[in-house]
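Everything below concerns the one structure shown next.
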Amino acid sequence: MSRLFLFLFLFLSTTLQAQRVDEQLDSLLSNPYFQTSQVSLMVYDLTADSTLYAYQPYQRMRPASCQKLVTAITALAQLGSAHAFKTTLKADGKMTGRTLQGNIYCVGGFDPLFSDTDMEALVAGLRQQNIDTIRGQICADFSMKSWKKWGEGWCWDDKNPTLSPLLLNQQNDFAKAFVQCLRKHKIVLLTGGKHETAERNAPAKAQELFQLSHSLEEVIVPMLKESNNLFAEAVFYHLAPGRTGLTTNQARSQVKNLLGSLGVNEESYNVADGSGLSLYNYTTVDNLVRLLRFADRRKSVAEPLLAALPIGGVDGTLKKRMLQSTAQGRVRAKTGTLTGISSLAGYLTADNGHRLCFAIINQGIVKHAAAREFQDRVCEILCNY
């Protein structure tokens with residue numbers, strides 16, 4: 001009898017807690033604010049393996065930068081956290097003493113983390129090949145992806161990144177900076193009257209001289225913590241199979257494959273880009289929760305994902321939110337912001353020890369502060385569960 005009593009007590013306590021959560025969230029959603037704007041909300045109890053709360057979970061909405069969650073989870077699942085973003089030097093000539101008789105090809109692999117320090121290391125790599133003179137040009141090889149430098153559905157007046165596969169400090173000015181670094185390290189460039197730099201693909205016979213890379217695990221940290229759009233687009237293109245001429249259509253197919261395996265209806269979403277900048281993206285909170293549940297069940301996905309997500313009141317795009325509340329330090333979630341749109345999706349641990357995942361999208365809003373206040377309050381209620 002005592003065991004039965006204990007079971008009934010725990011069952012009724014959990015039921016009452018869930019009712020209180022429902023009542024509190026229902027009260028939030030009764031605010032007049034939602035008479036002039038739209039909202040979708042879904043909460044899933046990962047510990048109990050059941051839906052805790054849902055409000056318009058199948059409404060198609062624009063996810064804004066929560067689209068980066070879709071990109072990151074797909075990439076971690078299909079590429080793995082060790083997947084490399086490479087920048088490679090190749091040459092098509094022969095060595096005569098310490099002189100390279102031919103061109104140097106800088107082959108871009110869409111590495112958004114490539115920095116001045118990496119540039120120094122590339123040139124040091126040439127020195128390691130005993131090269132102090134180059135009789136040829138410095139050629140920028142952009143063949144990794146298609147020619148498009150922008151995303152589908154991007155607004156012309158936004159601060160959009162340039163989608164170049166050959167980057168230096170997130171800018172498309174690699175070749176000239178490479179020439180300057182050669183001079184700094186006393187490597188002579190003799191072009192025979194030609195321009196020092198050119199755009200040209202490395203020939204098949206070109207031999208690799210040196211290569212630098214960063215891992216997907218490194219790339220998704222600024223992508224998610226700071227909501228960096230360029231990093232997200234780099235990851236998106238890396239989803240595409242193949243080595244050259246990669247397109248967004250190829251990348252989309254990989255996202256669709258994963259969503260299809262989770263039972264997501266194709267009519268419930270559209271994937272336009274990897275960052276969420278495009279107004280052509282749409283999805284449902286149910287879709288986002290399905291992805292979060294999928295990630296949680298796979299350690300190889302969950303660990304790097306959680307490490308990269310902003311923490312409420314601690315860092316990233318959530319650094320100034322949830323301060324001095326029960327949600328501070330307990331919520332790991334991706335934010336999203338576009339004109340008229342605010343979103344938040346991720347994970348938290350409730351007071352009862354249950355791990356929850358959630359997705360919230362506010363649309364048709366005038367003041368983002370009001371939507372963020374609503375989202376933060378939802379997180380507080382869930383943390384108190």
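Letters A, B, ... go to the chains of the structure tokens in the order shown; residues in each chain start at 1; ligands are counted from 1 in the same order.
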For this session: Please identify which residues in segment 50-224 of chain A DSSP calls strand (DSSP E) from the backbone, and express them as a PyMOL selection string.
Result: chain A and resi 50-55+84-91+94-96+99-101+104-107+133-135+138-141+188-190+197-199+207-215
Exercise. Expressed in Å to a single decimal, how great is the separation between atom CA of Lys320 of chain A and atom CA of Thr337 of chain A?
Worked result: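 Spanning atom CA of Lys320 of chain A to atom CA of Thr337 of chain A is a straight-line distance of 15.0 Å.
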For this session: Fewer than 6 positions away in the same chain doesn't count, so skip those; otherwise give me all residues within 7 Å of Trp154 of chain A, counting only C-alpha atoms, as a list in words.
Result: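 So the residues in contact are Leu277, Ser278 and Leu279 of chain A.
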For this session: Go through A:Phe178, A:Tyr269, A:Trp150, A:Phe294 and flag the residue nearest Gln59 of chain A, using only C-alpha atoms for the distances.
Result: A:Tyr269
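Coordinates place atom CA of Thr88 of chain A at a distance of 19.2 Å from atom CA of Ala240 of chain A.
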For this session: Check segment 199-357 of chain A with DSSP on the backbone and list each residue it calls alpha helix (DSSP H), as JSON, numbers by chain.
Result: {"A": [216, 217, 218, 219, 220, 221, 222, 223, 224, 225, 229, 230, 231, 232, 233, 234, 235, 236, 237, 238, 248, 249, 250, 251, 252, 253, 254, 255, 256, 257, 258, 259, 260, 261, 285, 286, 287, 288, 289, 290, 291, 292, 293, 294, 295, 296, 299, 300, 301, 302, 303, 304, 305, 306, 307, 308]}
Output file for the residues above (C-alpha atoms, as a short mmCIF file (atom, residue, chain, number, x, y, z; two decimals), in the first residue's frame):
```cif
data_model
loop_
_atom_site.label_atom_id
_atom_site.label_comp_id
_atom_site.auth_asym_id
_atom_site.auth_seq_id
_atom_site.Cartn_x
_atom_site.Cartn_y
_atom_site.Cartn_z
CA LEU A 216 33.13 22.57 -37.14
CA GLU A 217 33.17 22.47 -33.34
CA GLU A 218 35.23 25.68 -33.36
CA VAL A 219 33.13 27.37 -36.04
CA ILE A 220 29.73 26.82 -34.40
CA VAL A 221 30.74 28.64 -31.21
CA PRO A 222 30.70 32.19 -32.68
CA MET A 223 27.97 31.06 -35.07
CA LEU A 224 25.59 30.36 -32.16
CA LYS A 225 26.98 32.40 -29.24
CA ASN A 229 25.58 35.08 -40.08
CA LEU A 230 28.73 34.52 -42.13
CA PHE A 231 29.73 31.54 -39.99
CA ALA A 232 26.27 30.03 -40.40
CA GLU A 233 26.38 30.39 -44.18
CA ALA A 234 29.84 28.78 -44.27
CA VAL A 235 28.49 25.80 -42.33
CA PHE A 236 25.44 25.67 -44.60
CA TYR A 237 27.56 25.41 -47.76
CA HIS A 238 29.70 22.71 -46.17
CA THR A 248 22.35 26.33 -51.62
CA ASN A 249 20.08 23.76 -53.31
CA GLN A 250 22.60 21.04 -52.51
CA ALA A 251 22.82 22.19 -48.90
CA ARG A 252 19.03 22.37 -48.56
CA SER A 253 18.72 18.76 -49.64
CA GLN A 254 20.81 17.67 -46.66
CA VAL A 255 18.62 19.61 -44.23
CA LYS A 256 15.51 18.11 -45.84
CA ASN A 257 16.94 14.61 -45.49
CA LEU A 258 17.39 15.05 -41.75
CA LEU A 259 13.98 16.68 -41.22
CA GLY A 260 12.37 13.93 -43.28
CA SER A 261 13.94 11.28 -41.09
CA VAL A 285 8.00 25.41 -33.28
CA ASP A 286 7.09 21.73 -33.51
CA ASN A 287 9.83 21.28 -36.13
CA LEU A 288 12.38 23.09 -33.96
CA VAL A 289 11.48 20.97 -30.94
CA ARG A 290 11.82 17.79 -33.00
CA LEU A 291 15.35 18.85 -33.93
CA LEU A 292 16.22 19.72 -30.33
CA ARG A 293 14.93 16.32 -29.19
CA PHE A 294 16.97 14.62 -31.92
CA ALA A 295 20.13 16.47 -30.87
CA ASP A 296 19.60 15.64 -27.20
CA LYS A 299 25.98 12.73 -27.53
CA SER A 300 28.13 13.62 -30.56
CA VAL A 301 25.60 16.34 -31.42
CA ALA A 302 24.42 17.40 -27.97
CA GLU A 303 27.80 18.11 -26.37
CA PRO A 304 29.20 20.57 -28.98
CA LEU A 305 25.75 22.11 -29.47
CA LEU A 306 25.23 22.85 -25.77
CA ALA A 307 28.76 24.23 -25.47
CA ALA A 308 28.05 26.68 -28.31
#
```
Problem set entry | Exercise: Ile365 of chain A partners within 7 Å, only C-alpha atoms, chain neighbours under 5 positions left out, as a ChimeraX atom specification | /A:37,340-341
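What separates atom CA of Leu69 of chain A from atom CA of Leu25 of chain A is a distance of 24.3 Å.
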